[in-house]
>>> print(open('start_28.pdb').read())   # PDB, C-alpha atoms
ATOM      1  CA  SER A   1     328.402  11.956-125.061
ATOM      2  CA  LYS A   2     329.255  10.719-128.577
ATOM      3  CA  GLU A   3     332.857  11.842-128.151
ATOM      4  CA  MET A   4     333.137   9.912-124.893
ATOM      5  CA  PHE A   5     331.515   6.641-125.925
ATOM      6  CA  GLY A   6     332.946   5.738-129.334
ATOM      7  CA  LYS A   7     330.562   7.813-131.451
ATOM      8  CA  THR A   8     327.570   6.174-129.755
ATOM      9  CA  ASP A   9     324.997   8.525-128.277
ATOM     10  CA  TYR A  10     324.762   7.493-124.648
ATOM     11  CA  THR A  11     322.098   8.868-122.310
ATOM     12  CA  PRO A  12     322.576   7.882-118.683
ATOM     13  CA  PHE A  13     319.421   7.763-116.567
ATOM     14  CA  LEU A  14     320.343   9.217-113.198
ATOM     15  CA  CYS A  15     317.973   9.988-110.363
ATOM     16  CA  GLY A  16     318.642  13.221-108.482
ATOM     17  CA  GLU A  17     316.103  12.845-105.659
ATOM     18  CA  GLU A  18     317.624  12.803-102.188
ATOM     19  CA  SER A  19     316.071   9.559-100.932
ATOM     20  CA  PHE A  20     317.847   7.474-103.630
ATOM     21  CA  GLY A  21     319.914   9.350-106.156
ATOM     22  CA  THR A  22     323.519   9.382-107.264
ATOM     23  CA  GLY A  23     325.672   8.938-104.230
ATOM     24  CA  SER A  24     326.451   6.651-101.348
ATOM     25  CA  ASP A  25     324.228   6.558 -98.292
ATOM     26  CA  HIS A  26     326.357   8.969 -96.239
ATOM     27  CA  ILE A  27     325.278  11.932 -98.397
ATOM     28  CA  ARG A  28     322.175  13.318 -96.734
ATOM     29  CA  GLU A  29     320.866  15.427 -99.622
ATOM     30  CA  LYS A  30     321.991  13.810-102.842
ATOM     31  CA  ASP A  31     320.142  16.325-105.012
ATOM     32  CA  GLY A  32     322.673  18.852-103.696
ATOM     33  CA  LEU A  33     325.147  17.285-106.130
ATOM     34  CA  TRP A  34     323.049  18.621-108.987
ATOM     35  CA  ALA A  35     323.030  22.090-107.414
ATOM     36  CA  VAL A  36     326.854  22.020-107.371
ATOM     37  CA  LEU A  37     326.957  21.140-111.063
ATOM     38  CA  ALA A  38     324.475  23.926-111.846
ATOM     39  CA  TRP A  39     326.628  26.475-110.004
ATOM     40  CA  MET A  40     329.736  25.292-111.820
ATOM     41  CA  SER A  41     327.961  26.037-115.092
ATOM     42  CA  ILE A  42     326.878  29.497-113.886
ATOM     43  CA  LEU A  43     330.396  30.349-112.694
ATOM     44  CA  MET A  44     331.917  29.221-115.965
ATOM     45  CA  GLU A  45     329.633  31.594-117.881
ATOM     46  CA  ALA A  46     330.156  34.480-115.430
ATOM     47  CA  ASN A  47     333.944  34.200-115.772
ATOM     48  CA  ALA A  48     334.063  33.614-119.533
ATOM     49  CA  ASP A  49     335.500  37.083-120.267
ATOM     50  CA  VAL A  50     337.812  37.361-117.254
ATOM     51  CA  PRO A  51     341.426  37.756-118.461
ATOM     52  CA  GLU A  52     344.036  35.303-117.274
ATOM     53  CA  GLY A  53     345.227  36.288-113.819
ATOM     54  CA  GLY A  54     342.336  38.710-113.341
ATOM     55  CA  PRO A  55     339.907  38.649-110.382
ATOM     56  CA  THR A  56     337.280  35.958-110.795
ATOM     57  CA  VAL A  57     333.558  36.266-110.160
ATOM     58  CA  GLY A  58     332.454  34.107-107.233
ATOM     59  CA  VAL A  59     329.154  32.746-106.018
ATOM     60  CA  LYS A  60     328.904  35.511-103.401
ATOM     61  CA  ASP A  61     329.312  38.193-106.080
ATOM     62  CA  ILE A  62     326.565  36.691-108.236
ATOM     63  CA  VAL A  63     323.992  36.232-105.491
ATOM     64  CA  ALA A  64     324.708  39.612-103.853
ATOM     65  CA  ASN A  65     324.146  41.410-107.163
ATOM     66  CA  HIS A  66     320.979  39.393-107.766
ATOM     67  CA  TRP A  67     319.590  40.193-104.292
ATOM     68  CA  ALA A  68     320.438  43.891-104.648
ATOM     69  CA  LYS A  69     318.405  44.050-107.858
ATOM     70  CA  TYR A  70     315.477  41.763-107.059
ATOM     71  CA  GLY A  71     315.476  41.305-103.283
ATOM     72  CA  ARG A  72     316.300  38.125-101.410
ATOM     73  CA  HIS A  73     314.078  35.137-100.716
ATOM     74  CA  PHE A  74     315.150  33.371 -97.532
ATOM     75  CA  TYR A  75     314.518  29.603 -97.438
ATOM     76  CA  CYS A  76     314.797  27.106 -94.637
ATOM     77  CA  ARG A  77     313.399  23.677 -93.726
ATOM     78  CA  TYR A  78     312.599  22.140 -90.362
ATOM     79  CA  ASP A  79     312.425  18.332 -90.200
ATOM     80  CA  TYR A  80     310.664  16.563 -87.340
ATOM     81  CA  GLU A  81     311.753  12.964 -87.845
ATOM     82  CA  ALA A  82     310.292   9.726 -86.456
ATOM     83  CA  VAL A  83     307.137  11.448 -85.231
ATOM     84  CA  ASP A  84     304.305   9.157 -84.164
ATOM     85  CA  SER A  85     302.239   8.699 -87.344
ATOM     86  CA  GLU A  86     298.939   9.418 -85.623
ATOM     87  CA  ALA A  87     300.304  12.624 -84.094
ATOM     88  CA  ALA A  88     301.762  13.733 -87.438
ATOM     89  CA  ASN A  89     298.428  13.239 -89.159
ATOM     90  CA  LYS A  90     296.678  15.190 -86.408
ATOM     91  CA  VAL A  91     298.937  18.162 -87.142
ATOM     92  CA  MET A  92     297.998  18.028 -90.816
ATOM     93  CA  ASP A  93     294.304  17.614 -90.004
ATOM     94  CA  LEU A  94     294.425  20.640 -87.703
ATOM     95  CA  ILE A  95     295.949  22.796 -90.455
ATOM     96  CA  ARG A  96     293.389  21.554 -92.951
ATOM     97  CA  ASP A  97     290.376  21.998 -90.658
ATOM     98  CA  GLU A  98     291.261  25.273 -88.930
ATOM     99  CA  PHE A  99     293.081  27.171 -91.670
ATOM    100  CA  VAL A 100     292.447  25.706 -95.141
ATOM    101  CA  ASP A 101     288.754  25.063 -94.524
ATOM    102  CA  GLY A 102     288.376  27.501 -91.609
ATOM    103  CA  ASP A 103     288.202  31.285 -91.242
ATOM    104  CA  VAL A 104     291.708  32.712 -90.932
ATOM    105  CA  SER A 105     290.364  36.227 -90.380
ATOM    106  CA  SER A 106     289.398  35.242 -86.842
ATOM    107  CA  ILE A 107     292.953  34.265 -85.853
ATOM    108  CA  PRO A 108     294.315  36.708 -83.250
ATOM    109  CA  SER A 109     297.553  38.616 -83.774
ATOM    110  CA  ASP A 110     300.673  38.098 -81.692
ATOM    111  CA  ASP A 111     303.717  40.198 -80.790
ATOM    112  CA  SER A 112     305.514  39.320 -84.045
ATOM    113  CA  GLY A 113     302.975  41.220 -86.143
ATOM    114  CA  ILE A 114     303.112  38.420 -88.729
ATOM    115  CA  GLU A 115     299.568  37.870 -89.989
ATOM    116  CA  LEU A 116     298.170  34.697 -91.537
ATOM    117  CA  SER A 117     296.434  35.859 -94.724
ATOM    118  CA  ASP A 118     295.145  32.563 -96.132
ATOM    119  CA  ALA A 119     295.784  28.822 -96.370
ATOM    120  CA  VAL A 120     295.472  26.388 -99.254
ATOM    121  CA  GLU A 121     296.126  22.720 -99.954
ATOM    122  CA  PHE A 122     298.356  22.188-102.958
ATOM    123  CA  GLY A 123     297.415  19.804-105.741
ATOM    124  CA  TYR A 124     298.032  19.739-109.460
ATOM    125  CA  THR A 125     296.765  18.364-112.753
ATOM    126  CA  ASP A 126     299.328  16.639-114.978
ATOM    127  CA  PRO A 127     299.463  18.579-118.288
ATOM    128  CA  VAL A 128     300.261  15.400-120.233
ATOM    129  CA  ASP A 129     297.699  12.829-119.155
ATOM    130  CA  GLY A 130     295.306  15.000-117.140
ATOM    131  CA  SER A 131     295.716  12.931-113.966
ATOM    132  CA  GLN A 132     295.115  14.782-110.718
ATOM    133  CA  THR A 133     297.322  14.623-107.641
ATOM    134  CA  SER A 134     296.017  16.010-104.365
ATOM    135  CA  LYS A 135     297.261  16.544-100.800
ATOM    136  CA  GLN A 136     300.772  17.579-101.838
ATOM    137  CA  GLY A 137     301.273  20.152 -99.122
ATOM    138  CA  LEU A 138     299.430  22.545 -96.829
ATOM    139  CA  ILE A 139     300.437  26.151 -97.463
ATOM    140  CA  LEU A 140     300.062  28.944 -94.925
ATOM    141  CA  ASN A 141     300.491  32.377 -96.492
ATOM    142  CA  PHE A 142     301.654  35.181 -94.197
ATOM    143  CA  ARG A 143     302.294  38.901 -94.409
ATOM    144  CA  TYR A 144     304.853  40.861 -92.410
ATOM    145  CA  PRO A 145     304.004  44.258 -90.879
ATOM    146  CA  ASN A 146     305.818  46.022 -93.760
ATOM    147  CA  GLY A 147     303.659  44.179 -96.297
ATOM    148  CA  ASP A 148     306.273  41.671 -97.474
ATOM    149  CA  PRO A 149     304.896  38.177 -98.156
ATOM    150  CA  ALA A 150     306.011  34.899 -96.599
ATOM    151  CA  ARG A 151     304.760  31.343 -96.586
ATOM    152  CA  VAL A 152     305.134  28.107 -94.690
ATOM    153  CA  VAL A 153     304.472  24.697 -96.241
ATOM    154  CA  PHE A 154     303.803  21.560 -94.218
ATOM    155  CA  ARG A 155     304.246  18.108 -95.738
ATOM    156  CA  LEU A 156     304.485  14.554 -94.496
ATOM    157  CA  SER A 157     307.392  12.522 -95.826
ATOM    158  CA  GLY A 158     307.388   8.755 -96.145
ATOM    159  CA  THR A 159     311.125   8.412 -96.741
ATOM    160  CA  GLY A 160     312.036   8.015 -93.068
ATOM    161  CA  SER A 161     312.841   4.647 -91.469
ATOM    162  CA  ALA A 162     310.375   4.934 -88.581
ATOM    163  CA  GLY A 163     307.161   6.820 -87.910
ATOM    164  CA  ALA A 164     306.518   9.923 -90.002
ATOM    165  CA  THR A 165     308.616  12.960 -90.853
ATOM    166  CA  VAL A 166     306.844  16.312 -90.649
ATOM    167  CA  ARG A 167     308.593  18.825 -92.868
ATOM    168  CA  MET A 168     308.052  22.542 -92.551
ATOM    169  CA  TYR A 169     309.366  24.678 -95.435
ATOM    170  CA  LEU A 170     309.791  28.405 -94.755
ATOM    171  CA  GLU A 171     310.074  31.176 -97.313
ATOM    172  CA  ARG A 172     310.253  34.925 -96.800
ATOM    173  CA  TYR A 173     310.936  37.849 -99.131
ATOM    174  CA  GLU A 174     313.267  40.603 -97.941
ATOM    175  CA  ARG A 175     313.805  43.792 -99.937
ATOM    176  CA  ASP A 176     316.138  45.577 -97.461
ATOM    177  CA  VAL A 177     319.707  45.231 -98.789
ATOM    178  CA  GLU A 178     321.100  45.714 -95.277
ATOM    179  CA  LYS A 179     319.433  42.464 -94.197
ATOM    180  CA  HIS A 180     320.451  40.314 -97.171
ATOM    181  CA  GLY A 181     323.545  38.940 -95.412
ATOM    182  CA  GLU A 182     321.600  37.519 -92.480
ATOM    183  CA  ALA A 183     321.695  33.740 -91.978
ATOM    184  CA  ALA A 184     318.477  32.118 -93.203
ATOM    185  CA  PRO A 185     317.587  30.287 -89.948
ATOM    186  CA  ARG A 186     317.884  33.554 -88.021
ATOM    187  CA  ALA A 187     315.960  35.575 -90.611
ATOM    188  CA  LEU A 188     313.132  33.027 -90.554
ATOM    189  CA  LYS A 189     313.022  32.348 -86.811
ATOM    190  CA  SER A 190     310.048  34.605 -86.057
ATOM    191  CA  LEU A 191     308.106  33.152 -88.998
ATOM    192  CA  ALA A 192     308.874  29.615 -87.811
ATOM    193  CA  ASP A 193     307.783  30.430 -84.266
ATOM    194  CA  ARG A 194     304.523  31.941 -85.535
ATOM    195  CA  ALA A 195     303.708  28.917 -87.704
ATOM    196  CA  LEU A 196     304.639  26.339 -85.071
ATOM    197  CA  ASP A 197     302.484  28.121 -82.516
ATOM    198  CA  LEU A 198     299.491  28.173 -84.882
ATOM    199  CA  VAL A 199     299.691  24.444 -85.664
ATOM    200  CA  ARG A 200     300.435  23.551 -82.032
ATOM    201  CA  MET A 201     303.415  21.413 -83.020
ATOM    202  CA  GLU A 202     304.768  20.845 -79.519
ATOM    203  CA  GLU A 203     301.325  20.097 -78.093
ATOM    204  CA  MET A 204     300.469  17.661 -80.876
ATOM    205  CA  THR A 205     303.777  15.835 -81.256
ATOM    206  CA  GLY A 206     305.644  16.412 -78.000
ATOM    207  CA  ARG A 207     308.543  17.904 -79.977
ATOM    208  CA  ASP A 208     309.856  21.258 -78.758
ATOM    209  CA  SER A 209     312.439  21.510 -81.559
ATOM    210  CA  PRO A 210     313.111  20.018 -84.979
ATOM    211  CA  THR A 211     315.445  17.063 -85.513
ATOM    212  CA  VAL A 212     317.373  19.042 -88.103
ATOM    213  CA  ILE A 213     317.249  22.479 -89.738
ATOM    214  CA  THR A 214     318.535  22.817 -93.305
TER     215      THR A 214
END
>>> encode(input="start_28.pdb", output="structure tokens")
Amino acid sequence: SKEMFGKTDYTPFLCGEESFGTGSDHIREKDGLWAVLAWMSILMEANADVPEGGPTVGVKDIVANHWAKYGRHFYCRYDYEAVDSEAANKVMDLIRDEFVDGDVSSIPSDDSGIELSDAVEFGYTDPVDGSQTSKQGLILNFRYPNGDPARVVFRLSGTGSAGATVRMYLERYERDVEKHGEAAPRALKSLADRALDLVRMEEMTGRDSPTVIT
């Protein structure tokens, strides 16, 4: 920054969180801007030795090679926006009472074969000042019939304009290279259905589908 600002070291303070951040209000996920900048840096390094006019290394090449070596983690998020606040809290209370504090071993199987292995409520202790933050997400850990792990995280968001937003984050590991090209929402559909059935989302909120899937 010294070269840009007359030999003065300038440190801009920019927020990258999606509910405020560095963009106008038509950009839904403003932290995506930072992901673009990160990928530009990765691509610059990956193509550093490519001769002029030679074939360049693209994002697809990088991620495909990474998945082939380590396996792919599929991610997806379901947002249920403007849910009645009382109903949203009932969903969270059900997860807490029946799964986090309850006995998950008694939960019956279904046709998917995806088993709920345990449930925890996430919290953390700040390493700097020792302060504790609790109720940061309810995590349901699953296992597929082939033994691969998966998890679903439920959180309430207060950034909506009305009611509450229930967010469901899905994550699944896939080692089969033949399945790495599958679209994330499709790859995670059975996991989503299993989790939504367990927490009785439609019964509790009246919502039979999310407002948006990202």
>>> resolve_selection(input="start_28.pdb", expression="the PyMOL selection byres ((chain A and resi 93-105) around 7)", output="ChimeraX atom specification")
/A:89-92,106-107,116-121,199
>>> atom_distance(input="start_28.pdb", atom1="atom CA of Arg143 of chain A", atom2="atom CA of Tyr173 of chain A")
9.9 Å
>>> closest_residue(input="start_28.pdb", among="A:Glu86, A:Glu171, A:Asp49, A:Asp148", to="Gly113 of chain A", atoms="all atoms listed in the file")
A:Asp148
>>> closest_residue(input="start_28.pdb", among="A:Leu43, A:Leu138, A:Ala184, A:Ile62", to="Thr214 of chain A", atoms="only C-alpha atoms")
A:Ala184
>>> resolve_selection(input="start_28.pdb", expression="the PyMOL selection byres ((chain A and resi 175-181) around 6)", output="compact mmCIF listing (two decimals) with C-alpha atoms, in the frame of the given file")
# COMPACT_ATOMS: atom_id res chain seq x y z
CA GLY A 71 315.48 41.30 -103.28
CA GLU A 174 313.27 40.60 -97.94
CA GLU A 182 321.60 37.52 -92.48
>>> atom_distance(input="start_28.pdb", atom1="atom CA of Tyr78 of chain A", atom2="atom CA of Leu156 of chain A")
11.9 Å
>>> closest_residue(input="start_28.pdb", among="A:Ala68, A:Ala82, A:Leu188, A:Ala195", to="Val212 of chain A", atoms="only C-alpha atoms")
A:Ala82
>>> closest_residue(input="start_28.pdb", among="A:Pro108, A:Thr165, A:Glu203, A:Phe74", to="Arg151 of chain A", atoms="all atoms listed in the file")
A:Phe74
>>> resolve_selection(input="start_28.pdb", expression="the PyMOL selection byres ((chain A and resi 189) around 12)", output="PyMOL selection string")
chain A and resi 74-78+112+114+152+170-172+182-188+190-196+213
>>> build_atoms(input="start_28.pdb", residues="segment 114-129 of chain A", atoms="N, CA, C and O atoms", output="compact mmCIF listing (two decimals), in the frame of the given file")
# COMPACT_ATOMS: atom_id res chain seq x y z
N ILE A 114 303.23 39.22 -87.51
CA ILE A 114 303.11 38.42 -88.73
C ILE A 114 301.69 37.86 -88.81
O ILE A 114 301.26 37.10 -87.95
N GLU A 115 300.97 38.24 -89.86
CA GLU A 115 299.57 37.87 -89.99
C GLU A 115 299.39 36.72 -90.98
O GLU A 115 299.99 36.72 -92.06
N LEU A 116 298.54 35.77 -90.61
CA LEU A 116 298.17 34.70 -91.54
C LEU A 116 297.10 35.24 -92.47
O LEU A 116 296.02 35.64 -92.02
N SER A 117 297.37 35.27 -93.77
CA SER A 117 296.43 35.86 -94.72
C SER A 117 295.50 34.83 -95.35
O SER A 117 294.33 35.12 -95.59
N ASP A 118 296.00 33.64 -95.63
CA ASP A 118 295.14 32.56 -96.13
C ASP A 118 295.89 31.24 -96.08
O ASP A 118 297.09 31.20 -95.80
N ALA A 119 295.19 30.17 -96.38
CA ALA A 119 295.78 28.82 -96.37
C ALA A 119 295.15 28.00 -97.48
O ALA A 119 293.94 28.09 -97.72
N VAL A 120 295.96 27.22 -98.15
CA VAL A 120 295.47 26.39 -99.25
C VAL A 120 296.14 25.02 -99.19
O VAL A 120 297.21 24.86 -98.59
N GLU A 121 295.51 24.04 -99.81
CA GLU A 121 296.13 22.72 -99.95
C GLU A 121 296.54 22.55 -101.40
O GLU A 121 295.72 22.69 -102.31
N PHE A 122 297.82 22.25 -101.61
CA PHE A 122 298.36 22.19 -102.96
C PHE A 122 298.03 20.87 -103.63
O PHE A 122 298.15 19.79 -103.05
N GLY A 123 297.62 20.96 -104.88
CA GLY A 123 297.42 19.80 -105.74
C GLY A 123 297.65 20.26 -107.17
O GLY A 123 297.75 21.46 -107.44
N TYR A 124 297.78 19.34 -108.08
CA TYR A 124 298.03 19.74 -109.46
C TYR A 124 297.46 18.72 -110.44
O TYR A 124 297.20 17.57 -110.10
N THR A 125 297.24 19.20 -111.66
CA THR A 125 296.76 18.36 -112.75
C THR A 125 297.90 18.17 -113.74
O THR A 125 298.49 19.16 -114.22
N ASP A 126 298.24 16.93 -114.05
CA ASP A 126 299.33 16.64 -114.98
C ASP A 126 298.95 17.16 -116.37
O ASP A 126 297.89 16.81 -116.90
N PRO A 127 299.80 18.02 -116.98
CA PRO A 127 299.46 18.58 -118.29
C PRO A 127 299.52 17.56 -119.43
O PRO A 127 299.01 17.84 -120.52
N VAL A 128 300.13 16.41 -119.18
CA VAL A 128 300.26 15.40 -120.23
C VAL A 128 299.07 14.47 -120.27
O VAL A 128 298.39 14.32 -121.30
N ASP A 129 298.78 13.82 -119.14
CA ASP A 129 297.70 12.83 -119.16
C ASP A 129 296.44 13.27 -118.40
O ASP A 129 295.46 12.54 -118.35
